[in-house]
file final_6.csv (CSV, C-alpha atoms (C1' of nucleotides))
chain,number,residue,atom,x,y,z
Z,636,MET,CA,-323.5,-40.9,198.6
Z,637,PRO,CA,-325.3,-39.7,201.7
Z,638,GLU,CA,-326.5,-42.9,203.5
Z,639,LEU,CA,-327.4,-42.9,207.1
Z,640,PRO,CA,-323.9,-42.3,208.6
Z,641,GLU,CA,-323.4,-39.3,206.3
Z,642,VAL,CA,-326.7,-37.8,207.2
Z,643,GLU,CA,-326.1,-38.4,210.9
Z,644,THR,CA,-322.6,-36.8,210.6
Z,645,THR,CA,-324.3,-33.8,209.0
Z,646,ARG,CA,-326.9,-33.6,211.8
Z,647,ARG,CA,-324.3,-33.8,214.5
Z,648,GLY,CA,-322.3,-31.1,212.7
Z,649,ILE,CA,-325.0,-28.5,212.2
Z,650,ALA,CA,-327.2,-29.1,215.3
Z,651,PRO,CA,-325.0,-27.2,217.8
Z,652,LEU,CA,-324.5,-24.4,215.3
Z,653,ILE,CA,-328.2,-23.7,214.5
Z,654,GLU,CA,-330.3,-24.9,217.5
Z,655,GLY,CA,-331.6,-21.9,219.4
Z,656,LYS,CA,-330.9,-19.5,216.5
Z,657,THR,CA,-333.6,-17.5,214.7
Z,658,ILE,CA,-334.0,-17.6,210.9
Z,659,THR,CA,-333.8,-14.0,209.7
Z,660,ASN,CA,-334.0,-14.6,205.9
Z,661,VAL,CA,-334.3,-17.5,203.4
Z,662,VAL,CA,-332.6,-17.3,200.0
Z,663,VAL,CA,-333.7,-19.8,197.4
Z,664,ARG,CA,-331.5,-19.6,194.2
Z,665,GLN,CA,-332.6,-22.8,192.6
Z,666,PRO,CA,-336.1,-24.1,193.6
Z,667,ARG,CA,-336.0,-27.1,191.2
Z,668,LEU,CA,-335.0,-30.0,193.5
Z,669,ARG,CA,-336.6,-33.5,193.7
Z,670,TRP,CA,-339.8,-31.5,194.4
Z,671,PRO,CA,-340.0,-27.8,193.7
Z,672,VAL,CA,-339.2,-25.7,196.8
Z,673,ILE,CA,-342.3,-23.7,197.6
Z,674,PRO,CA,-342.2,-20.0,196.8
Z,675,THR,CA,-343.6,-19.1,200.2
Z,676,LEU,CA,-340.7,-20.8,202.2
Z,677,ASN,CA,-339.2,-17.4,203.2
Z,678,LYS,CA,-342.6,-16.3,204.6
Z,679,TYR,CA,-343.0,-19.5,206.6
Z,680,LEU,CA,-339.5,-19.6,208.1
Z,681,THR,CA,-338.5,-16.0,208.7
Z,682,ASN,CA,-338.5,-15.0,212.4
Z,683,GLN,CA,-338.9,-18.7,213.5
Z,684,LYS,CA,-336.6,-20.1,216.1
Z,685,ILE,CA,-334.9,-23.4,215.4
Z,686,ILE,CA,-335.8,-25.8,218.2
Z,687,SER,CA,-333.9,-29.0,217.3
Z,688,VAL,CA,-332.3,-30.9,214.5
Z,689,THR,CA,-333.1,-34.6,214.4
Z,690,ARG,CA,-333.0,-37.4,211.9
Z,691,ARG,CA,-335.4,-40.1,210.6
Z,692,ALA,CA,-333.9,-42.5,208.0
Z,693,LYS,CA,-331.9,-40.3,205.7
Z,694,TYR,CA,-334.1,-37.2,206.3
Z,695,LEU,CA,-333.0,-34.3,208.5
Z,696,ILE,CA,-335.8,-32.8,210.4
Z,697,ILE,CA,-335.4,-29.2,211.5
Z,698,GLU,CA,-338.0,-28.5,214.1
Z,699,LEU,CA,-339.3,-24.9,214.3
Z,700,GLU,CA,-341.6,-23.2,216.7
Z,701,GLU,CA,-344.3,-23.9,214.2
Z,702,GLY,CA,-343.8,-26.6,211.6
Z,703,TYR,CA,-340.8,-28.5,210.4
Z,704,LEU,CA,-338.3,-28.4,207.6
Z,705,LEU,CA,-337.7,-31.9,206.1
Z,706,ILE,CA,-334.4,-32.1,204.2
Z,707,HIS,CA,-333.1,-34.9,202.1
Z,708,LEU,CA,-329.5,-34.8,200.7
Z,709,GLY,CA,-330.4,-37.0,197.7
Z,710,MET,CA,-327.3,-38.3,196.0
Z,711,SER,CA,-325.1,-35.3,196.1
Z,712,GLY,CA,-326.4,-32.9,198.8
Z,713,SER,CA,-324.5,-31.4,201.6
Z,714,ILE,CA,-325.0,-28.7,204.3
Z,715,LYS,CA,-322.6,-26.3,205.8
Z,716,VAL,CA,-323.0,-23.6,208.4
Z,717,ILE,CA,-320.6,-20.8,207.5
Z,718,PRO,CA,-320.1,-17.0,207.8
Z,719,LYS,CA,-322.0,-15.1,205.2
Z,720,GLN,CA,-320.2,-15.3,201.9
Z,721,LYS,CA,-320.8,-15.3,198.2
Z,722,ALA,CA,-322.6,-18.4,197.0
Z,723,GLN,CA,-320.8,-20.9,194.8
Z,724,LYS,CA,-322.2,-23.0,192.0
Z,725,HIS,CA,-325.0,-25.3,193.2
Z,726,ASP,CA,-325.4,-23.5,196.5
Z,727,HIS,CA,-329.2,-23.6,196.1
Z,728,ILE,CA,-330.6,-22.5,199.5
Z,729,ASP,CA,-329.5,-20.4,202.4
Z,730,LEU,CA,-331.1,-20.1,205.8
Z,731,VAL,CA,-329.7,-16.8,207.2
Z,732,LEU,CA,-329.4,-17.0,211.0
Z,733,SER,CA,-329.6,-14.5,213.8
Z,734,ASP,CA,-325.9,-14.7,214.5
Z,735,ASN,CA,-325.2,-13.7,210.9
Z,736,LYS,CA,-324.1,-17.2,209.8
Z,737,VAL,CA,-325.7,-19.1,207.0
Z,738,MET,CA,-326.9,-22.7,206.8
Z,739,ARG,CA,-326.2,-23.4,203.2
Z,740,TYR,CA,-327.6,-26.3,201.1
Z,741,HIS,CA,-325.5,-27.4,198.2
Z,742,ASP,CA,-326.6,-30.1,195.7
Z,743,PRO,CA,-325.1,-30.5,192.2
Z,744,ARG,CA,-327.5,-33.3,191.1
Z,745,ARG,CA,-330.5,-31.8,192.7
Z,746,PHE,CA,-332.0,-35.1,193.8
Z,747,GLY,CA,-332.4,-33.7,197.3
Z,748,ALA,CA,-335.5,-32.2,198.9
Z,749,PHE,CA,-336.3,-29.1,201.1
Z,750,ILE,CA,-339.8,-29.5,202.2
Z,751,TRP,CA,-342.0,-27.4,204.5
Z,752,VAL,CA,-344.3,-29.5,206.7
Z,753,ASP,CA,-347.0,-27.8,208.9
Z,754,THR,CA,-348.9,-30.9,209.8
Z,755,ALA,CA,-348.0,-33.8,212.1
Z,756,LEU,CA,-344.8,-35.2,210.9
Z,757,SER,CA,-345.6,-38.9,211.5
Z,758,ASN,CA,-348.4,-38.7,208.9
Z,759,HIS,CA,-346.2,-37.3,206.3
Z,760,PRO,CA,-346.3,-39.4,203.1
Z,761,LEU,CA,-342.5,-39.5,202.9
Z,762,LEU,CA,-342.1,-40.7,206.5
Z,763,LYS,CA,-345.1,-42.8,207.3
Z,764,ASP,CA,-344.2,-46.1,205.6
Z,765,LEU,CA,-340.5,-46.1,206.6
Z,766,GLY,CA,-339.1,-49.2,208.2
Z,767,PRO,CA,-337.3,-49.2,211.6
Z,768,GLU,CA,-334.1,-47.4,212.3
Z,769,PRO,CA,-331.2,-49.9,211.9
Z,770,LEU,CA,-329.7,-48.9,215.2
Z,771,ALA,CA,-332.9,-49.2,217.1
Z,772,LYS,CA,-334.1,-52.3,219.1
Z,773,GLY,CA,-336.9,-52.8,216.7
Z,774,PHE,CA,-334.4,-53.8,214.0
Z,775,ASN,CA,-333.5,-57.3,215.3
Z,776,GLN,CA,-333.2,-60.9,214.1
Z,777,ARG,CA,-336.9,-61.6,214.6
Z,778,TYR,CA,-337.9,-58.6,212.6
Z,779,LEU,CA,-335.5,-59.2,209.7
Z,780,PHE,CA,-336.3,-62.9,209.5
Z,781,LYS,CA,-340.0,-62.2,209.3
Z,782,SER,CA,-339.5,-59.5,206.7
Z,783,VAL,CA,-337.7,-61.9,204.2
Z,784,MET,CA,-340.5,-64.5,204.4
Z,785,GLY,CA,-342.1,-65.0,201.0
Z,786,ARG,CA,-339.9,-62.3,199.4
Z,787,LYS,CA,-338.5,-63.3,196.0
Z,788,ARG,CA,-336.2,-60.4,195.2
Z,789,SER,CA,-332.5,-60.5,196.1
Z,790,ILE,CA,-331.4,-60.0,199.7
Z,791,LYS,CA,-329.4,-56.9,198.7
Z,792,GLN,CA,-332.4,-55.2,197.1
Z,793,HIS,CA,-334.4,-56.2,200.2
Z,794,LEU,CA,-331.9,-54.5,202.5
Z,795,MET,CA,-331.9,-51.3,200.5
Z,796,ASP,CA,-335.7,-51.1,200.6
Z,797,GLN,CA,-336.4,-48.2,203.0
Z,798,ASN,CA,-339.7,-49.8,204.0
Z,799,ILE,CA,-337.8,-52.8,205.4
Z,800,VAL,CA,-335.0,-50.9,207.2
Z,801,VAL,CA,-334.0,-47.3,206.7
Z,802,GLY,CA,-330.6,-45.8,206.0
Z,803,VAL,CA,-328.9,-48.7,204.2
Z,804,GLY,CA,-327.9,-47.5,200.8
Z,805,ASN,CA,-325.8,-49.1,198.1
Z,806,ILE,CA,-322.4,-48.8,199.8
Z,807,TYR,CA,-323.4,-50.2,203.2
Z,808,ALA,CA,-325.6,-52.9,201.7
Z,809,ASN,CA,-322.6,-54.2,199.8
Z,810,GLU,CA,-320.4,-54.0,202.8
Z,811,ALA,CA,-322.8,-55.6,205.2
Z,812,LEU,CA,-323.3,-58.5,203.0
Z,813,PHE,CA,-319.6,-59.1,202.7
Z,814,LEU,CA,-319.1,-58.9,206.4
Z,815,SER,CA,-322.0,-61.4,206.8
Z,816,GLY,CA,-320.5,-63.8,204.2
Z,817,ILE,CA,-323.8,-63.7,202.3
Z,818,ASP,CA,-324.0,-63.6,198.4
Z,819,PRO,CA,-326.0,-60.5,197.5
Z,820,GLN,CA,-327.8,-62.5,194.8
Z,821,ARG,CA,-329.4,-64.8,197.3
Z,822,ILE,CA,-333.2,-64.7,197.2
Z,823,ALA,CA,-334.5,-62.9,200.4
Z,824,GLN,CA,-336.8,-65.8,201.4
Z,825,ASN,CA,-333.9,-68.2,201.5
Z,826,ILE,CA,-332.0,-66.3,204.2
Z,827,SER,CA,-332.0,-68.4,207.3
Z,828,ALA,CA,-332.8,-67.4,210.9
Z,829,ASP,CA,-329.1,-67.6,211.7
Z,830,GLU,CA,-328.1,-65.5,208.7
Z,831,SER,CA,-330.7,-62.9,209.7
Z,832,GLN,CA,-329.0,-62.7,213.1
Z,833,ILE,CA,-325.6,-62.2,211.5
Z,834,LEU,CA,-326.9,-59.6,209.1
Z,835,VAL,CA,-328.6,-57.5,211.8
Z,836,LYS,CA,-325.4,-57.6,213.9
Z,837,GLN,CA,-323.2,-56.7,211.0
Z,838,ILE,CA,-325.4,-53.9,209.8
Z,839,LYS,CA,-325.5,-52.3,213.2
Z,840,GLN,CA,-321.8,-52.6,213.8
Z,841,LEU,CA,-321.0,-51.3,210.3
Z,842,LEU,CA,-323.2,-48.2,210.6
Z,843,ARG,CA,-321.9,-47.5,214.1
Z,844,LYS,CA,-318.3,-47.6,213.0
Z,845,ALA,CA,-319.1,-45.5,209.9
Z,846,ILE,CA,-320.8,-42.8,212.0
Z,847,ALA,CA,-317.9,-42.9,214.5
Z,848,VAL,CA,-315.4,-41.8,211.8
Z,849,GLY,CA,-317.7,-39.3,210.1
Z,850,GLY,CA,-319.2,-41.3,207.2
Z,851,THR,CA,-317.9,-42.3,203.8
Z,852,THR,CA,-316.5,-39.8,201.4
Z,853,LEU,CA,-316.7,-40.9,197.8
Z,854,ARG,CA,-316.5,-37.8,195.8
Z,855,ASP,CA,-317.4,-34.6,197.6
Z,856,PHE,CA,-319.3,-35.5,200.7
Z,857,SER,CA,-318.2,-33.3,203.6
Z,858,ASN,CA,-319.5,-32.5,207.0
Z,859,ALA,CA,-320.7,-29.2,208.4
Z,860,GLN,CA,-317.1,-28.0,208.8
Z,861,GLY,CA,-316.2,-29.1,205.3
Z,862,LYS,CA,-314.2,-32.1,206.5
Z,863,PRO,CA,-314.4,-35.4,204.6
Z,864,GLY,CA,-315.5,-38.7,206.2
Z,865,TYR,CA,-312.9,-41.4,206.6
Z,866,PHE,CA,-314.8,-44.6,206.2
Z,867,SER,CA,-313.9,-45.0,202.5
Z,868,GLN,CA,-310.5,-46.2,203.7
Z,869,ARG,CA,-312.2,-49.2,205.3
Z,870,LEU,CA,-314.4,-50.4,202.5
Z,871,GLN,CA,-314.0,-54.1,201.9
Z,872,VAL,CA,-315.7,-54.6,198.6
Z,873,TYR,CA,-317.5,-51.4,197.4
Z,874,GLY,CA,-315.7,-49.9,194.4
Z,875,ARG,CA,-313.1,-52.7,194.4
Z,876,ALA,CA,-314.0,-54.6,191.2
Z,877,ASP,CA,-311.2,-56.9,190.1
Z,878,GLU,CA,-309.1,-56.1,193.1
Z,879,SER,CA,-308.3,-58.9,195.5
Z,880,CYS,CA,-310.5,-59.7,198.6
Z,881,HIS,CA,-308.8,-58.5,201.8
Z,882,PHE,CA,-309.8,-61.8,203.4
Z,883,CYS,CA,-309.1,-64.5,200.9
Z,884,GLY,CA,-307.4,-62.8,197.9
Z,885,THR,CA,-310.1,-63.8,195.4
Z,886,GLN,CA,-311.0,-61.2,192.8
Z,887,ILE,CA,-313.9,-59.0,193.8
Z,888,LYS,CA,-316.7,-59.3,191.3
Z,889,ARG,CA,-318.9,-56.5,190.0
Z,890,ILE,CA,-322.5,-57.2,188.8
Z,891,VAL,CA,-325.6,-55.0,188.5
Z,892,GLN,CA,-328.7,-55.6,190.5
Z,893,GLY,CA,-331.7,-53.3,190.0
Z,894,GLN,CA,-329.5,-50.9,188.1
Z,895,ARG,CA,-327.1,-50.5,191.0
Z,896,ALA,CA,-323.6,-51.8,191.1
Z,897,THR,CA,-323.0,-54.8,193.4
Z,898,PHE,CA,-319.6,-55.8,194.6
Z,899,PHE,CA,-318.9,-59.1,196.3
Z,900,CYS,CA,-316.3,-61.8,196.9
Z,901,PRO,CA,-317.5,-65.0,195.2
Z,902,GLN,CA,-315.4,-67.0,197.6
Z,903,CYS,CA,-316.3,-65.4,201.0
Z,904,GLN,CA,-319.9,-64.8,200.2
Z,905,GLN,CA,-322.2,-67.8,199.6
I,931,DA,C1',-348.9,-57.0,197.0
I,932,DC,C1',-344.8,-57.5,194.6
I,933,DA,C1',-340.9,-57.0,191.4
I,934,DG,C1',-338.6,-54.7,187.8
I,935,DT,C1',-337.5,-50.5,185.3
I,936,DA,C1',-337.3,-45.7,184.0
I,937,DA,C1',-336.9,-41.1,185.4
I,938,DC,C1',-335.2,-37.0,187.9
I,939,DC,C1',-329.9,-33.9,186.9
I,940,DT,C1',-325.1,-32.9,186.7
I,941,DG,C1',-320.2,-33.8,187.2
I,942,DT,C1',-316.4,-36.9,186.6
I,943,DT,C1',-314.2,-40.8,184.7
I,944,DT,C1',-313.5,-44.0,181.0
I,945,DG,C1',-313.0,-45.5,176.3
I,946,DC,C1',-312.5,-44.8,171.4
X,852,DT,C1',-306.7,-34.1,172.5
X,853,DG,C1',-311.6,-34.3,171.9
X,854,DC,C1',-315.8,-36.1,172.3
X,855,DA,C1',-319.3,-39.3,173.6
X,856,DA,C1',-320.7,-42.8,176.6
X,857,DA,C1',-320.8,-44.8,181.0
X,858,DC,C1',-321.3,-44.2,185.7
X,859,DA,C1',-322.3,-42.3,190.5
X,860,DG,C1',-325.0,-41.8,196.2
X,861,DG,C1',-331.5,-42.2,196.5
X,862,DT,C1',-336.3,-42.4,195.8
X,863,DT,C1',-340.7,-42.2,193.4
X,864,DA,C1',-343.7,-43.5,189.8
X,865,DC,C1',-345.0,-46.4,186.6
X,866,DT,C1',-345.6,-51.0,184.4
X,867,DG,C1',-346.7,-55.8,184.2

call {"tool": "encode", "arguments": {"input": "final_6.csv", "output": "structure tokens"}}
result
Amino acid sequence: MPELPEVETTRRGIAPLIEGKTITNVVVRQPRLRWPVIPTLNKYLTNQKIISVTRRAKYLIIELEEGYLLIHLGMSGSIKVIPKQKAQKHDHIDLVLSDNKVMRYHDPRRFGAFIWVDTALSNHPLLKDLGPEPLAKGFNQRYLFKSVMGRKRSIKQHLMDQNIVVGVGNIYANEALFLSGIDPQRIAQNISADESQILVKQIKQLLRKAIAVGGTTLRDFSNAQGKPGYFSQRLQVYGRADESCHFCGTQIKRIVQGQRATFFCPQCQQ
DNA sequence: ACAGTAACCTGTTTGC
DNA sequence: TGCAAACAGGTTACTG
């Protein structure tokens, strides 16, 4: 569930609570995430001060005096900063801080990542091929229109490709295509210059609005204070198979593209 | 280079 | 009611 707005919500929640604090201990209860958490993590992090918390794509970047911690929430990850207390099920990693609070990483499905980086971040294999941030100037009509040229996969799969543009996952890809009036099954290379303009505009607007209300909560996403996001109340098509389109009343259709559920209005999206 | 698919893992929902 | 199957957010790695 964590797409860009959820990761940004998490970043904004934890940054003021951990920036400037020193890590006094690291507890790894379950190292088996997307990639194994290195056994020496405690040694590398302890006594280091947290300089900043930033975001690139869906990755959180915790900048330390020396090195970085690269965190991905995967499908089910969340982070809270809380007073020291007994760990619950799936609370895999704790960063114990100098104010005696704990930054706690929770991830039932363990598709997330907790990675130590001691080299230049921009060269990191997980970051180096990522496309532009959707809210940055570099993601514009010209860029998107160029990116679809010659591409034969569907426009929805194209938008979810993190090498094209980052942060757009299944939910927001579905929603952006609805708001743009574009059928998700359209071949990418057949998207016109005008449609590229509309898509860029809708993606930016959608993500801004979702961030403003704290992201989408589907099952158990919650921010640093444990509060849910409120964007799920505004979804137009995602998860609404067989319900009627909010705009024209036609039944929302559910299909599968690339093993992901796609929802769209066959009337509004052409 | 590109496109499609399987895999990683667990919890919840759906269907028989 | 019980149990099995289907399904869920993301990304990499492999295949053709």

call {"tool": "residues_around", "arguments": {"input": "final_6.csv", "residues": "DG945 (chain I)", "least_positions_apart": "5", "cutoff": "10 Å", "atoms": "all atoms listed in the file", "output": "PyMOL selection string"}}
result
chain X and resi 855-857

call {"tool": "closest_atom_pairs", "arguments": {"input": "final_6.csv", "of": "chain I", "to": "region 890-902 of chain Z", "cutoff": "12 Å", "atoms": "all atoms listed in the file", "output": "CSV"}}
result
residue,atom,partner,partner_atom,distance
I:DA933,C1',Z:Gly893,CA,10.0
I:DG934,C1',Z:Gly893,CA,7.4
I:DT935,C1',Z:Gly893,CA,8.0
I:DA936,C1',Z:Gln894,CA,10.2

call {"tool": "closest_residue", "arguments": {"input": "final_6.csv", "among": "Z:Val672, Z:Leu732, Z:Glu638, Z:Ile717", "to": "Gly655 (chain Z)", "atoms": "all atoms listed in the file"}}
result
Z:Leu732

call {"tool": "atom_distance", "arguments": {"input": "final_6.csv", "atom1": "CA of Lys836 (chain Z)", "atom2": "CA of Asp877 (chain Z)"}}
result
27.7 Å

call {"tool": "interface_residues", "arguments": {"input": "final_6.csv", "of": "chain Z", "to": "chain X", "cutoff": "10 Å", "atoms": "all atoms listed in the file", "output": "VMD selection string"}}
result
chain Z and resid 636 to 638 669 693 707 to 712 746 to 747 761 795 to 797 804 to 806 853 to 854 856 895 to 896

call {"tool": "write_last_selection", "arguments": {"input": "final_6.csv", "atoms": "C-alpha atoms", "output": "tab-separated table (two decimals), in the frame of the given file"}}
result
chain	number	residue	atom	x	y	z
Z	636	MET	CA	-323.50	-40.90	198.60
Z	637	PRO	CA	-325.30	-39.70	201.70
Z	638	GLU	CA	-326.50	-42.90	203.50
Z	669	ARG	CA	-336.60	-33.50	193.70
Z	693	LYS	CA	-331.90	-40.30	205.70
Z	707	HIS	CA	-333.10	-34.90	202.10
Z	708	LEU	CA	-329.50	-34.80	200.70
Z	709	GLY	CA	-330.40	-37.00	197.70
Z	710	MET	CA	-327.30	-38.30	196.00
Z	711	SER	CA	-325.10	-35.30	196.10
Z	712	GLY	CA	-326.40	-32.90	198.80
Z	746	PHE	CA	-332.00	-35.10	193.80
Z	747	GLY	CA	-332.40	-33.70	197.30
Z	761	LEU	CA	-342.50	-39.50	202.90
Z	795	MET	CA	-331.90	-51.30	200.50
Z	796	ASP	CA	-335.70	-51.10	200.60
Z	797	GLN	CA	-336.40	-48.20	203.00
Z	804	GLY	CA	-327.90	-47.50	200.80
Z	805	ASN	CA	-325.80	-49.10	198.10
Z	806	ILE	CA	-322.40	-48.80	199.80
Z	853	LEU	CA	-316.70	-40.90	197.80
Z	854	ARG	CA	-316.50	-37.80	195.80
Z	856	PHE	CA	-319.30	-35.50	200.70
Z	895	ARG	CA	-327.10	-50.50	191.00
Z	896	ALA	CA	-323.60	-51.80	191.10

call {"tool": "atom_distance", "arguments": {"input": "final_6.csv", "atom1": "CA of Val661 (chain Z)", "atom2": "CA of Val688 (chain Z)"}}
result
17.5 Å

call {"tool": "interface_residues", "arguments": {"input": "final_6.csv", "of": "chain I", "to": "chain Z", "cutoff": "7 Å", "atoms": "all atoms listed in the file", "output": "ChimeraX atom specification"}}
result
/I:933,938-940

call {"tool": "write_last_selection", "arguments": {"input": "final_6.csv", "atoms": "C-alpha atoms (C1' of nucleotides)", "output": "compact mmCIF listing (two decimals), in the frame of the given file"}}
result
# COMPACT_ATOMS: atom_id res chain seq x y z
C1' DA I 933 -340.90 -57.00 191.40
C1' DC I 938 -335.20 -37.00 187.90
C1' DC I 939 -329.90 -33.90 186.90
C1' DT I 940 -325.10 -32.90 186.70

call {"tool": "residues_near_point", "arguments": {"input": "final_6.csv", "point": "(-338.8, -63.0, 201.5)", "cutoff": "8 Å", "atoms": "all atoms listed in the file", "output": "PyMOL selection string"}}
result
chain Z and resi 781-788+822-825
